[in-house]
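Undergrad: This one is structure-v7.csv, CSV, C-alpha atoms.
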```csv
chain,number,residue,atom,x,y,z
A,1,MET,CA,21.4,20.5,-57.1
A,2,PRO,CA,17.9,19.1,-57.9
A,3,LEU,CA,15.7,21.3,-60.2
A,4,LEU,CA,12.3,21.0,-61.7
A,5,SER,CA,13.0,23.4,-64.6
A,6,ALA,CA,15.5,23.6,-67.4
A,7,VAL,CA,15.9,24.8,-71.0
A,8,ASN,CA,16.5,22.4,-73.8
A,9,GLN,CA,18.8,22.7,-76.8
A,10,ASP,CA,16.2,24.8,-78.6
A,11,GLY,CA,15.9,27.3,-75.7
A,12,ASN,CA,12.5,26.0,-74.7
A,13,LEU,CA,11.5,25.8,-71.1
A,14,VAL,CA,11.0,22.3,-69.8
A,15,LEU,CA,9.1,21.8,-66.6
A,16,LEU,CA,8.8,18.6,-64.6
A,17,THR,CA,5.9,19.9,-62.6
A,18,ARG,CA,3.4,18.1,-64.9
A,19,ARG,CA,2.8,14.4,-64.7
A,20,PHE,CA,5.2,12.5,-67.0
A,21,SER,CA,5.2,8.7,-67.4
A,22,ARG,CA,8.5,6.9,-66.9
A,23,ARG,CA,8.5,6.1,-70.7
A,24,GLU,CA,8.0,9.8,-71.6
A,25,LEU,CA,10.8,10.9,-69.3
A,26,GLN,CA,13.2,8.2,-70.8
A,27,ALA,CA,12.3,9.4,-74.3
A,28,LEU,CA,12.9,13.0,-73.2
A,29,LYS,CA,16.3,12.1,-71.8
A,30,GLU,CA,17.4,10.4,-75.0
A,31,THR,CA,16.3,13.1,-77.4
A,32,ASP,CA,16.9,16.4,-75.6
A,33,LYS,CA,19.8,18.2,-74.0
A,34,PHE,CA,19.2,20.3,-70.9
A,35,TYR,CA,20.8,23.4,-69.5
A,36,CYS,CA,20.5,25.5,-66.4
A,37,ARG,CA,18.3,28.5,-66.9
A,38,ASP,CA,20.8,30.8,-65.2
A,39,CYS,CA,24.4,29.6,-65.6
A,40,ARG,CA,23.7,27.7,-68.9
A,41,GLU,CA,25.7,24.7,-67.7
A,42,PRO,CA,24.6,21.3,-68.9
A,43,LEU,CA,22.1,19.4,-66.7
A,44,VAL,CA,21.4,15.8,-66.2
A,45,LEU,CA,17.8,14.5,-66.1
A,46,LYS,CA,17.5,12.0,-63.3
A,47,ILE,CA,14.6,9.6,-63.3
A,48,GLY,CA,15.4,7.1,-60.6
A,49,THR,CA,12.7,5.2,-58.6
A,50,LYS,CA,13.5,6.6,-55.1
A,51,ILE,CA,13.3,10.3,-55.7
A,52,THR,CA,11.1,12.7,-57.7
A,53,PRO,CA,12.4,13.1,-61.3
A,54,HIS,CA,14.6,16.2,-61.5
A,55,PHE,CA,17.4,18.0,-63.3
A,56,ALA,CA,20.8,18.2,-61.6
A,57,HIS,CA,24.1,20.0,-62.2
A,58,HIS,CA,27.3,18.0,-62.7
A,59,SER,CA,29.4,17.5,-59.6
A,60,ARG,CA,31.9,20.1,-60.6
A,61,SER,CA,29.4,22.8,-61.4
A,62,GLN,CA,30.3,26.4,-60.8
A,63,CYS,CA,26.7,27.6,-60.7
A,64,SER,CA,26.3,30.1,-57.9
A,65,ALA,CA,22.5,30.4,-58.1
A,66,TYR,CA,21.9,27.6,-55.6
A,67,SER,CA,23.1,27.7,-52.0
A,68,GLU,CA,21.1,24.8,-50.4
A,69,PRO,CA,20.6,21.1,-51.2
A,70,GLU,CA,17.1,20.1,-52.0
A,71,SER,CA,15.4,17.1,-50.3
A,72,GLU,CA,12.7,14.9,-51.7
A,73,MET,CA,10.2,16.8,-49.5
A,74,HIS,CA,11.3,20.1,-51.0
A,75,LEU,CA,11.0,18.8,-54.6
A,76,LEU,CA,7.5,17.3,-54.0
A,77,GLY,CA,6.3,20.4,-52.0
A,78,LYS,CA,7.5,22.8,-54.7
A,79,LYS,CA,5.8,20.8,-57.4
A,80,ASP,CA,2.5,20.6,-55.4
A,81,LEU,CA,2.5,24.3,-54.7
A,82,TYR,CA,3.1,25.1,-58.3
A,83,ARG,CA,0.1,23.0,-59.4
A,84,TRP,CA,-2.0,24.5,-56.6
A,85,LEU,CA,-1.2,28.0,-57.7
A,86,THR,CA,-1.6,27.4,-61.5
A,87,GLY,CA,-4.9,25.6,-60.6
A,88,GLN,CA,-6.1,29.0,-59.3
A,89,GLY,CA,-5.4,30.5,-62.7
A,90,LEU,CA,-2.3,32.5,-61.4
A,91,ASP,CA,0.8,33.4,-63.4
A,92,VAL,CA,3.5,31.3,-61.8
A,93,SER,CA,7.3,31.0,-62.5
A,94,ILE,CA,9.2,28.2,-60.8
A,95,GLU,CA,12.8,28.5,-59.6
A,96,HIS,CA,12.9,32.1,-60.7
A,97,TYR,CA,16.3,33.8,-60.2
A,98,LEU,CA,16.5,37.5,-59.4
A,99,PRO,CA,19.9,38.9,-60.5
A,100,PRO,CA,19.7,42.3,-58.7
A,101,ILE,CA,19.5,40.5,-55.3
A,102,GLN,CA,21.1,37.2,-56.3
A,103,GLN,CA,18.2,35.2,-54.9
A,104,ARG,CA,16.1,32.4,-56.3
A,105,ALA,CA,12.4,32.2,-55.4
A,106,ASP,CA,11.0,28.7,-55.4
A,107,LEU,CA,7.9,30.2,-57.0
A,108,LEU,CA,7.3,33.7,-58.2
A,109,VAL,CA,3.6,34.5,-58.4
A,110,ARG,CA,1.7,37.5,-59.8
A,111,LYS,CA,-1.7,38.4,-58.5
A,112,TYR,CA,-3.6,41.7,-58.7
A,113,GLY,CA,-0.4,43.2,-60.3
A,114,GLN,CA,1.7,42.3,-57.2
A,115,LEU,CA,4.6,39.9,-57.2
A,116,PHE,CA,4.9,37.3,-54.5
A,117,ALA,CA,8.1,35.2,-53.9
A,118,ILE,CA,7.2,31.9,-52.3
A,119,GLU,CA,10.0,30.1,-50.4
A,120,TYR,CA,9.2,26.6,-49.4
A,121,GLN,CA,11.8,26.0,-46.6
A,122,CYS,CA,12.5,22.5,-45.5
A,123,SER,CA,16.1,22.7,-44.2
A,124,PRO,CA,16.9,24.8,-41.1
A,125,ILE,CA,18.4,28.3,-41.7
A,126,PRO,CA,19.3,31.0,-39.2
A,127,PRO,CA,16.6,33.6,-38.5
A,128,ALA,CA,19.1,36.2,-39.7
A,129,GLN,CA,19.2,34.6,-43.1
A,130,LEU,CA,15.4,34.4,-43.3
A,131,LEU,CA,15.2,38.1,-42.5
A,132,LYS,CA,17.9,39.0,-45.0
A,133,ARG,CA,16.2,37.1,-47.8
A,134,SER,CA,12.9,38.7,-46.9
A,135,LYS,CA,14.5,42.2,-47.0
A,136,GLY,CA,16.0,41.4,-50.4
A,137,TYR,CA,12.6,40.6,-51.9
A,138,LYS,CA,11.0,43.7,-50.4
A,139,SER,CA,13.8,45.8,-51.9
A,140,GLN,CA,12.4,44.7,-55.3
A,141,HIS,CA,8.8,45.4,-54.2
A,142,ILE,CA,8.1,41.7,-54.0
A,143,ILE,CA,6.2,40.3,-51.0
A,144,PRO,CA,7.9,37.3,-49.5
A,145,VAL,CA,5.8,34.3,-48.5
A,146,TRP,CA,7.6,31.7,-46.5
A,147,ILE,CA,6.1,28.2,-46.1
A,148,LEU,CA,7.6,25.8,-43.6
A,149,GLY,CA,8.2,22.2,-44.9
A,150,GLY,CA,7.0,19.1,-43.0
A,151,LEU,CA,5.4,19.5,-39.6
A,152,PRO,CA,5.4,22.7,-37.6
A,153,PHE,CA,6.7,20.9,-34.5
A,154,ARG,CA,9.5,18.4,-33.7
A,155,LYS,CA,7.5,16.1,-31.4
A,156,THR,CA,4.8,16.0,-28.8
A,157,HIS,CA,5.4,15.3,-25.1
A,158,GLN,CA,2.7,14.9,-22.4
A,159,GLY,CA,0.1,16.9,-24.3
A,160,HIS,CA,2.5,19.7,-25.3
A,161,TYR,CA,4.2,20.4,-28.7
A,162,ILE,CA,7.9,20.9,-28.8
A,163,CYS,CA,9.2,23.2,-31.6
A,164,SER,CA,12.7,24.0,-32.7
A,165,GLU,CA,14.0,27.6,-32.8
A,166,PHE,CA,14.0,27.3,-36.6
A,167,GLN,CA,10.4,26.4,-36.7
A,168,LEU,CA,9.6,29.2,-34.2
A,169,SER,CA,11.2,31.7,-36.5
A,170,PHE,CA,8.1,31.2,-38.8
A,171,LEU,CA,5.7,32.4,-36.1
A,172,HIS,CA,2.8,34.4,-37.3
A,173,HIS,CA,0.5,36.6,-35.2
A,174,ALA,CA,-3.1,37.2,-35.9
A,175,ARG,CA,-3.9,40.5,-34.2
A,176,LYS,CA,-7.4,39.6,-33.2
A,177,GLU,CA,-6.4,36.1,-32.1
A,178,ASP,CA,-3.1,34.5,-31.2
A,179,PHE,CA,0.2,33.1,-32.5
A,180,TYR,CA,0.3,30.3,-35.0
A,181,LEU,CA,2.6,28.2,-37.1
A,182,PHE,CA,1.7,26.6,-40.4
A,183,SER,CA,3.6,24.2,-42.7
A,184,TYR,CA,3.0,22.1,-45.8
A,185,GLN,CA,3.4,18.3,-45.7
A,186,PRO,CA,3.7,17.1,-49.3
A,187,PHE,CA,3.5,13.4,-48.3
A,188,SER,CA,0.0,13.9,-47.1
A,189,LYS,CA,-0.9,16.9,-49.3
A,190,ARG,CA,-2.0,18.8,-46.2
A,191,ILE,CA,-1.5,22.2,-44.6
A,192,CYS,CA,-0.5,21.7,-40.9
A,193,ILE,CA,-1.6,24.3,-38.4
A,194,LEU,CA,-0.4,24.7,-34.8
A,195,SER,CA,-2.4,27.5,-33.3
A,196,HIS,CA,-3.0,29.3,-30.0
A,197,LEU,CA,0.5,28.7,-28.8
A,198,ILE,CA,1.0,29.3,-25.1
A,199,PRO,CA,4.6,28.6,-24.0
A,200,ALA,CA,5.1,26.2,-21.1
A,201,SER,CA,8.9,26.4,-21.5
A,202,THR,CA,11.4,27.9,-24.0
A,203,VAL,CA,10.3,25.5,-26.8
A,204,LYS,CA,7.4,23.6,-25.4
A,205,PHE,CA,3.9,24.8,-26.0
A,206,HIS,CA,0.3,24.2,-25.1
A,207,ALA,CA,-1.5,24.5,-28.5
A,208,ARG,CA,-4.2,23.2,-30.8
A,209,TYR,CA,-3.2,21.2,-33.9
A,210,GLU,CA,-5.2,20.6,-37.0
A,211,GLU,CA,-4.5,19.6,-40.6
A,212,LYS,CA,-6.4,20.7,-43.7
A,213,PRO,CA,-6.0,19.8,-47.4
A,214,LEU,CA,-4.0,22.2,-49.5
A,215,THR,CA,-7.0,22.6,-51.8
A,216,ALA,CA,-9.0,24.2,-48.9
A,217,PHE,CA,-6.7,27.2,-49.1
A,218,HIS,CA,-6.4,30.0,-51.7
A,219,PHE,CA,-3.6,32.4,-52.4
A,220,PRO,CA,-2.5,34.7,-51.0
A,221,PHE,CA,-2.8,33.3,-47.5
A,222,THR,CA,-4.8,35.3,-44.8
A,223,ASP,CA,-4.9,34.8,-41.1
A,224,ILE,CA,-8.5,33.8,-41.2
A,225,GLN,CA,-7.7,30.7,-43.3
A,226,PHE,CA,-5.6,29.4,-40.4
A,227,HIS,CA,-8.3,29.9,-37.8
A,228,ILE,CA,-9.0,26.9,-35.5
A,229,ASP,CA,-10.9,26.8,-32.2
A,230,GLN,CA,-8.8,27.1,-29.1
A,231,ALA,CA,-8.2,24.1,-26.8
A,232,ALA,CA,-9.2,24.6,-23.1
A,233,LEU,CA,-6.3,25.0,-20.7
A,234,SER,CA,-6.5,23.7,-17.1
A,235,LEU,CA,-5.1,26.3,-14.7
A,236,PRO,CA,-4.3,23.7,-12.0
A,237,ASP,CA,-2.3,21.6,-14.6
A,238,TRP,CA,-0.6,24.8,-15.7
A,239,LEU,CA,0.4,25.7,-12.1
A,240,GLU,CA,1.7,22.2,-11.5
A,241,ALA,CA,3.8,22.4,-14.7
A,242,ARG,CA,5.1,25.8,-13.6
A,243,ARG,CA,6.2,24.4,-10.3
A,244,LYS,CA,8.0,21.5,-12.0
A,245,TRP,CA,9.8,23.9,-14.4
A,246,ILE,CA,11.1,26.0,-11.4
A,247,GLU,CA,12.2,22.8,-9.6
A,248,ALA,CA,14.1,21.7,-12.7
A,249,LYS,CA,15.7,25.1,-13.0
A,250,LEU,CA,16.9,24.9,-9.4
A,251,GLN,CA,18.1,21.3,-9.8
A,252,TYR,CA,20.0,21.7,-13.1
A,253,GLY,CA,20.7,25.5,-13.2
A,254,LYS,CA,23.7,27.2,-11.7
A,255,THR,CA,22.1,29.5,-9.2
A,256,PHE,CA,24.5,32.4,-9.2
A,257,GLN,CA,25.2,32.2,-13.0
A,258,ASP,CA,21.5,32.0,-13.9
A,259,PRO,CA,20.3,35.7,-14.1
A,260,PHE,CA,16.7,34.8,-13.2
A,261,LEU,CA,17.5,32.7,-10.1
A,262,ARG,CA,20.0,35.3,-9.0
A,263,ARG,CA,17.5,38.2,-9.4
A,264,VAL,CA,14.9,36.3,-7.4
A,265,TYR,CA,17.3,35.7,-4.5
A,266,GLU,CA,18.5,39.3,-4.7
A,267,SER,CA,15.0,40.5,-4.4
A,268,GLY,CA,14.7,38.6,-1.1
A,269,HIS,CA,12.5,35.7,-2.3
A,270,HIS,CA,12.8,32.0,-3.1
A,271,PRO,CA,12.0,30.8,-6.7
A,272,LEU,CA,9.6,28.1,-5.4
A,273,LEU,CA,7.7,30.7,-3.5
A,274,LEU,CA,6.8,33.1,-6.3
A,275,PRO,CA,3.1,34.0,-6.2
A,276,PRO,CA,1.1,32.2,-8.8
A,277,VAL,CA,0.2,35.5,-10.6
A,278,ILE,CA,3.9,35.6,-11.7
A,279,GLY,CA,3.9,33.0,-14.4
A,280,LEU,CA,0.3,33.2,-15.8
A,281,PRO,CA,-0.6,31.6,-19.1
A,282,LEU,CA,-1.2,34.3,-21.8
A,283,VAL,CA,-1.9,34.0,-25.5
A,284,LYS,CA,0.3,36.9,-26.6
A,285,MET,CA,3.6,35.8,-25.3
A,286,ALA,CA,4.9,33.1,-27.8
A,287,LEU,CA,7.5,35.6,-29.1
A,288,CYS,CA,9.3,35.6,-25.8
A,289,ARG,CA,12.0,32.9,-25.2
A,290,GLN,CA,11.7,33.1,-21.5
A,291,HIS,CA,9.3,31.0,-19.4
A,292,PRO,CA,6.2,33.1,-18.3
A,293,ALA,CA,7.5,33.0,-14.7
A,294,GLU,CA,10.7,34.6,-15.8
A,295,TRP,CA,9.5,37.5,-17.8
A,296,GLN,CA,6.6,38.2,-15.5
A,297,PHE,CA,8.9,38.3,-12.6
A,298,TYR,CA,11.0,40.9,-14.4
A,299,TYR,CA,7.8,42.8,-15.1
A,300,TRP,CA,7.1,42.8,-11.4
A,301,LEU,CA,10.7,43.8,-10.6
A,302,ALA,CA,10.9,46.6,-13.2
A,303,VAL,CA,7.3,48.0,-13.0
A,304,LEU,CA,5.2,46.8,-10.1
A,305,LYS,CA,7.6,46.4,-7.1
A,306,ASN,CA,8.4,50.1,-6.7
A,307,PHE,CA,5.4,51.5,-8.6
A,308,PRO,CA,5.0,55.2,-7.6
A,309,GLN,CA,2.2,55.5,-5.0
A,310,HIS,CA,-0.9,57.3,-6.2
A,311,GLU,CA,0.7,57.7,-9.7
A,312,TRP,CA,-0.7,56.6,-13.0
A,313,LEU,CA,1.5,55.4,-15.8
A,314,ALA,CA,0.8,54.9,-19.5
A,315,LEU,CA,1.5,51.5,-21.0
A,316,ASP,CA,4.4,53.0,-23.0
A,317,GLU,CA,6.0,54.1,-19.8
A,318,MET,CA,5.7,50.6,-18.3
A,319,MET,CA,7.0,49.1,-21.5
A,320,ALA,CA,10.0,51.4,-21.4
A,321,ARG,CA,10.9,50.1,-17.9
A,322,PHE,CA,10.4,46.5,-19.0
A,323,SER,CA,12.4,47.0,-22.2
A,324,GLN,CA,15.5,47.8,-20.0
A,325,ARG,CA,15.5,44.1,-19.1
A,326,ILE,CA,15.5,43.2,-22.8
A,327,ARG,CA,18.5,45.5,-23.4
A,328,LYS,CA,20.3,43.8,-20.5
A,329,ASN,CA,19.6,40.5,-22.4
A,330,GLU,CA,17.7,39.1,-19.3
A,331,ILE,CA,14.7,38.8,-21.6
A,332,GLN,CA,15.0,37.7,-25.3
A,333,LEU,CA,12.4,38.0,-28.0
A,334,ARG,CA,12.5,35.8,-31.1
A,335,GLU,CA,13.0,37.3,-34.6
A,336,SER,CA,10.4,36.6,-37.3
A,337,PRO,CA,9.9,38.5,-40.6
A,338,PHE,CA,6.2,38.0,-40.1
A,339,ILE,CA,5.9,39.9,-36.8
A,340,TYR,CA,6.3,43.5,-35.8
A,341,GLU,CA,8.2,42.8,-32.6
A,342,LYS,CA,7.5,46.1,-30.8
A,343,GLU,CA,3.7,45.8,-31.4
A,344,VAL,CA,3.6,42.2,-30.1
A,345,ARG,CA,5.7,43.2,-27.1
A,346,ARG,CA,3.2,45.9,-26.3
A,347,LEU,CA,0.3,43.4,-26.7
A,348,MET,CA,2.0,41.0,-24.4
A,349,LEU,CA,2.4,43.6,-21.6
A,350,TYR,CA,-1.1,44.9,-22.2
A,351,GLU,CA,-2.6,41.4,-21.9
A,352,TYR,CA,-0.7,40.8,-18.6
A,353,THR,CA,-1.8,44.2,-17.3
A,354,GLN,CA,-5.4,43.5,-18.1
A,355,MET,CA,-5.1,40.1,-16.4
A,356,LEU,CA,-3.8,41.8,-13.2
A,357,ILE,CA,-6.6,44.3,-13.4
A,358,GLY,CA,-9.1,41.5,-13.6
A,359,LEU,CA,-7.5,39.9,-10.5
A,360,GLY,CA,-7.6,43.1,-8.5
A,361,TYR,CA,-3.9,44.0,-8.5
A,362,MET,CA,-4.0,46.9,-10.9
A,363,LYS,CA,-6.6,49.3,-12.2
A,364,GLY,CA,-7.0,51.6,-15.2
A,365,ASN,CA,-8.5,55.0,-15.5
A,366,GLY,CA,-10.1,54.4,-18.9
A,367,ALA,CA,-7.7,56.8,-20.6
A,368,GLY,CA,-4.8,54.4,-21.2
A,369,LYS,CA,-3.1,54.9,-17.8
A,370,TYR,CA,-2.7,52.4,-15.0
A,371,THR,CA,-1.9,52.2,-11.3
A,372,VAL,CA,-1.3,49.5,-8.6
A,373,HIS,CA,-4.5,48.8,-6.7
A,374,LYS,CA,-3.0,46.1,-4.5
A,375,LYS,CA,0.6,44.9,-4.0
A,376,ILE,CA,1.4,41.4,-5.1
A,377,SER,CA,2.3,39.5,-1.9
A,378,PHE,CA,4.7,36.6,-1.8
A,379,PRO,CA,3.9,33.4,0.2
A,380,LYS,CA,6.1,32.6,3.2
A,381,ASN,CA,5.8,28.9,2.8
A,382,ARG,CA,4.3,26.1,0.7
A,383,GLU,CA,1.0,26.1,2.5
A,384,GLU,CA,0.5,29.8,1.7
A,385,LEU,CA,1.4,29.2,-1.9
A,386,GLU,CA,-1.1,26.4,-2.3
A,387,SER,CA,-3.8,28.6,-0.7
A,388,MET,CA,-3.0,31.4,-3.3
A,389,GLU,CA,-3.1,28.9,-6.1
A,390,GLN,CA,-6.5,27.6,-5.0
A,391,ASN,CA,-7.8,31.1,-4.7
A,392,LEU,CA,-6.5,32.0,-8.2
A,393,CYS,CA,-8.2,28.9,-9.7
A,394,LEU,CA,-11.5,30.0,-8.2
A,395,ARG,CA,-11.2,33.4,-9.7
A,396,TRP,CA,-9.6,32.5,-13.0
A,397,PRO,CA,-11.6,33.0,-16.2
A,398,PRO,CA,-11.6,29.9,-18.3
A,399,ILE,CA,-9.5,30.1,-21.5
A,400,ARG,CA,-11.6,29.1,-24.4
```
Go ahead and express the file in the form of structure tokens.
TA:
Amino acid sequence: MPLLSAVNQDGNLVLLTRRFSRRELQALKETDKFYCRDCREPLVLKIGTKITPHFAHHSRSQCSAYSEPESEMHLLGKKDLYRWLTGQGLDVSIEHYLPPIQQRADLLVRKYGQLFAIEYQCSPIPPAQLLKRSKGYKSQHIIPVWILGGLPFRKTHQGHYICSEFQLSFLHHARKEDFYLFSYQPFSKRICILSHLIPASTVKFHARYEEKPLTAFHFPFTDIQFHIDQAALSLPDWLEARRKWIEAKLQYGKTFQDPFLRRVYESGHHPLLLPPVIGLPLVKMALCRQHPAEWQFYYWLAVLKNFPQHEWLALDEMMARFSQRIRKNEIQLRESPFIYEKEVRRLMLYEYTQMLIGLGYMKGNGAGKYTVHKKISFPKNREELESMEQNLCLRWPPIR
């Protein structure tokens, strides 16, 4: 298992985070013996030409402190982050093992009397493991800081960014702004920011991408450091993509096995004739795995379709009805240790409700309660749908 730290035969800590010449490393290898800081097994100093110099256990090692292989990206990133932090005058320990929770932090940092555990995560791990590790650090009163390795997306396609579920488990939410992902790319020495994520499908997003040098940031990270201006979104393009998504779902999905398609038909409607206000682009919905047309249809079904006439409901009451769909697994929300899910769910429904108020379908009383002002009508044919879309585009506030 590649390491950047070891102890020598005199018990002194040896760090490979500083810049050694090849001659210096060769001399070190010939004169010193190295041991794991935790299991005390002998280590080998490897100084090949294709990978960052590092220490490694022997093949039959019984050391239990390491559970994941380390890539070249991980070694480089860990070294860069160590230098970046020490350059700020911070007290930093690399590859620090915490026996009470049997976890190793890539970097353990102390600032203002508070400990931070930095995990530079390059290899995919399940969200449950990410949450478990975070909980372990918090049990020791240590704040976990996770940094995604590489790029914050897998690829781009027709102006959209496609992210893996692993990458999306690193979602952050800035309350006054939107969702964002950030990562560190050691080969370019830059922080990569994917911000203002608006889902166009389960893993495809309309977003704004930007890179900044690591030296432009300071620790600890704050949301404002990741702020970038939002890219304009064309509503006609969005509606066209929405139509194509529904067509693809009809073509490749199994109608009576697909909960969404089945529910639409059971409600007496056709998926291709959903009104355009069901499936609106919102900035607070990246935590939801379902396409906007899906979860907004369920919102209509659970809240708006049979809204009590002349009654006013609080947002919490509407959220309770909507949450029944989550309990039925018709709607799934992603897990992230960086997001308070219930709060973001509330913000998502609040934003959609405010959008419907702006379009004249709902109204609020100024005291946190809402009622239906005008029923959402469903088009009877393609011509009516196109007319609704044109009308919506004329009334739509630009997203900036």
Undergrad: List the spatial neighbours of A:Pro281 as a ChimeraX atom specification - criterion: any atom at most 12 Å away, all atoms listed in the file, same-chain residues fewer than 5 positions off excluded.
TA: /A:196-201,205-207,232-239,241-242,276,286,291-293,295-296,348,351-352,355,396-399
Undergrad: So the first atom is atom CA of A:Ser164 and the second is atom CA of A:Ile339; what is the distance between them in Å, to one decimal place?
TA: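 Separating atom CA of A:Ser164 from atom CA of A:Ile339 is a distance of 17.8 Å.
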Undergrad: In Å, how far is it from atom CA of A:Lys380 to atom CA of A:Glu266?
TA: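 Computed distance, atom CA of A:Lys380 to atom CA of A:Glu266, equals 16.2 Å.
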Undergrad: For a quick check of understanding, using only C-alpha atoms, which of A:Tyr265, A:Trp146, A:Tyr370, A:Tyr180 has the smallest distance to A:Leu315?
TA: A:Tyr370
Undergrad: Give the answer as one residue: which of A:Phe322, A:Phe20, A:Phe307, A:Trp312 has the shortest atom-to-atom distance to A:Ile376, using only C-alpha atoms?
TA: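 Looking only at the distances to A:Ile376, the closest residue turns out to be A:Phe307.
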Undergrad: Which one of A:Tyr350, A:Phe338, A:Tyr82, A:Phe116 sits closest to A:Leu181 if you count only C-alpha atoms?
TA: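 Using only C-alpha atoms, the shortest distance to A:Leu181 belongs to A:Phe338.
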Undergrad: I want to know what sits within 12 Å of A:Lys342, based on only C-alpha atoms, with residues of the same chain fewer than 2 positions away left out; could you give that as an NGL selection string?
TA: :A and (287-288 or 316 or 319-320 or 323 or 326 or 333-336 or 339-340 or 344-349)
Undergrad: Could I get stretch 263-276 of chain A rebuilt with N, CA, C and O atoms, written as a PDB file, in the frame of the given file?
TA:
```
ATOM      1  N   ARG A 263      18.400  37.019  -9.649  1.00  0.00           N
ATOM      2  CA  ARG A 263      17.500  38.200  -9.400  1.00  0.00           C
ATOM      3  C   ARG A 263      16.455  37.881  -8.384  1.00  0.00           C
ATOM      4  O   ARG A 263      16.102  38.739  -7.566  1.00  0.00           O
ATOM      5  N   VAL A 264      15.913  36.671  -8.419  1.00  0.00           N
ATOM      6  CA  VAL A 264      14.900  36.300  -7.400  1.00  0.00           C
ATOM      7  C   VAL A 264      15.456  36.324  -6.037  1.00  0.00           C
ATOM      8  O   VAL A 264      14.867  36.895  -5.105  1.00  0.00           O
ATOM      9  N   TYR A 265      16.634  35.714  -5.877  1.00  0.00           N
ATOM     10  CA  TYR A 265      17.300  35.700  -4.500  1.00  0.00           C
ATOM     11  C   TYR A 265      17.645  37.104  -4.094  1.00  0.00           C
ATOM     12  O   TYR A 265      17.479  37.456  -2.924  1.00  0.00           O
ATOM     13  N   GLU A 266      18.159  37.916  -5.027  1.00  0.00           N
ATOM     14  CA  GLU A 266      18.500  39.300  -4.700  1.00  0.00           C
ATOM     15  C   GLU A 266      17.348  40.118  -4.256  1.00  0.00           C
ATOM     16  O   GLU A 266      17.491  41.069  -3.484  1.00  0.00           O
ATOM     17  N   SER A 267      16.159  39.761  -4.751  1.00  0.00           N
ATOM     18  CA  SER A 267      15.000  40.500  -4.400  1.00  0.00           C
ATOM     19  C   SER A 267      14.424  40.058  -2.999  1.00  0.00           C
ATOM     20  O   SER A 267      13.431  40.601  -2.507  1.00  0.00           O
ATOM     21  N   GLY A 268      15.102  39.061  -2.389  1.00  0.00           N
ATOM     22  CA  GLY A 268      14.700  38.600  -1.100  1.00  0.00           C
ATOM     23  C   GLY A 268      13.689  37.480  -1.066  1.00  0.00           C
ATOM     24  O   GLY A 268      13.050  37.224  -0.037  1.00  0.00           O
ATOM     25  N   HIS A 269      13.553  36.765  -2.212  1.00  0.00           N
ATOM     26  CA  HIS A 269      12.500  35.700  -2.300  1.00  0.00           C
ATOM     27  C   HIS A 269      13.157  34.402  -2.784  1.00  0.00           C
ATOM     28  O   HIS A 269      14.306  34.360  -3.227  1.00  0.00           O
ATOM     29  N   HIS A 270      12.362  33.339  -2.671  1.00  0.00           N
ATOM     30  CA  HIS A 270      12.800  32.000  -3.100  1.00  0.00           C
ATOM     31  C   HIS A 270      12.018  31.684  -4.405  1.00  0.00           C
ATOM     32  O   HIS A 270      10.805  31.903  -4.463  1.00  0.00           O
ATOM     33  N   PRO A 271      12.693  31.124  -5.426  1.00  0.00           N
ATOM     34  CA  PRO A 271      12.000  30.800  -6.700  1.00  0.00           C
ATOM     35  C   PRO A 271      10.754  29.943  -6.519  1.00  0.00           C
ATOM     36  O   PRO A 271       9.764  30.122  -7.237  1.00  0.00           O
ATOM     37  N   LEU A 272      10.787  28.996  -5.567  1.00  0.00           N
ATOM     38  CA  LEU A 272       9.600  28.100  -5.400  1.00  0.00           C
ATOM     39  C   LEU A 272       8.479  28.802  -4.664  1.00  0.00           C
ATOM     40  O   LEU A 272       7.386  28.239  -4.582  1.00  0.00           O
ATOM     41  N   LEU A 273       8.717  30.010  -4.172  1.00  0.00           N
ATOM     42  CA  LEU A 273       7.700  30.700  -3.500  1.00  0.00           C
ATOM     43  C   LEU A 273       7.275  32.015  -4.210  1.00  0.00           C
ATOM     44  O   LEU A 273       6.866  33.002  -3.603  1.00  0.00           O
ATOM     45  N   LEU A 274       7.380  31.959  -5.528  1.00  0.00           N
ATOM     46  CA  LEU A 274       6.800  33.100  -6.300  1.00  0.00           C
ATOM     47  C   LEU A 274       5.323  32.964  -6.319  1.00  0.00           C
ATOM     48  O   LEU A 274       4.768  31.875  -6.461  1.00  0.00           O
ATOM     49  N   PRO A 275       4.616  34.063  -6.172  1.00  0.00           N
ATOM     50  CA  PRO A 275       3.100  34.000  -6.200  1.00  0.00           C
ATOM     51  C   PRO A 275       2.659  33.502  -7.539  1.00  0.00           C
ATOM     52  O   PRO A 275       3.291  33.750  -8.575  1.00  0.00           O
ATOM     53  N   PRO A 276       1.527  32.805  -7.574  1.00  0.00           N
ATOM     54  CA  PRO A 276       1.100  32.200  -8.800  1.00  0.00           C
ATOM     55  C   PRO A 276       0.687  33.215  -9.909  1.00  0.00           C
ATOM     56  O   PRO A 276       0.587  32.841 -11.084  1.00  0.00           O
TER      57      PRO A 276
END
```
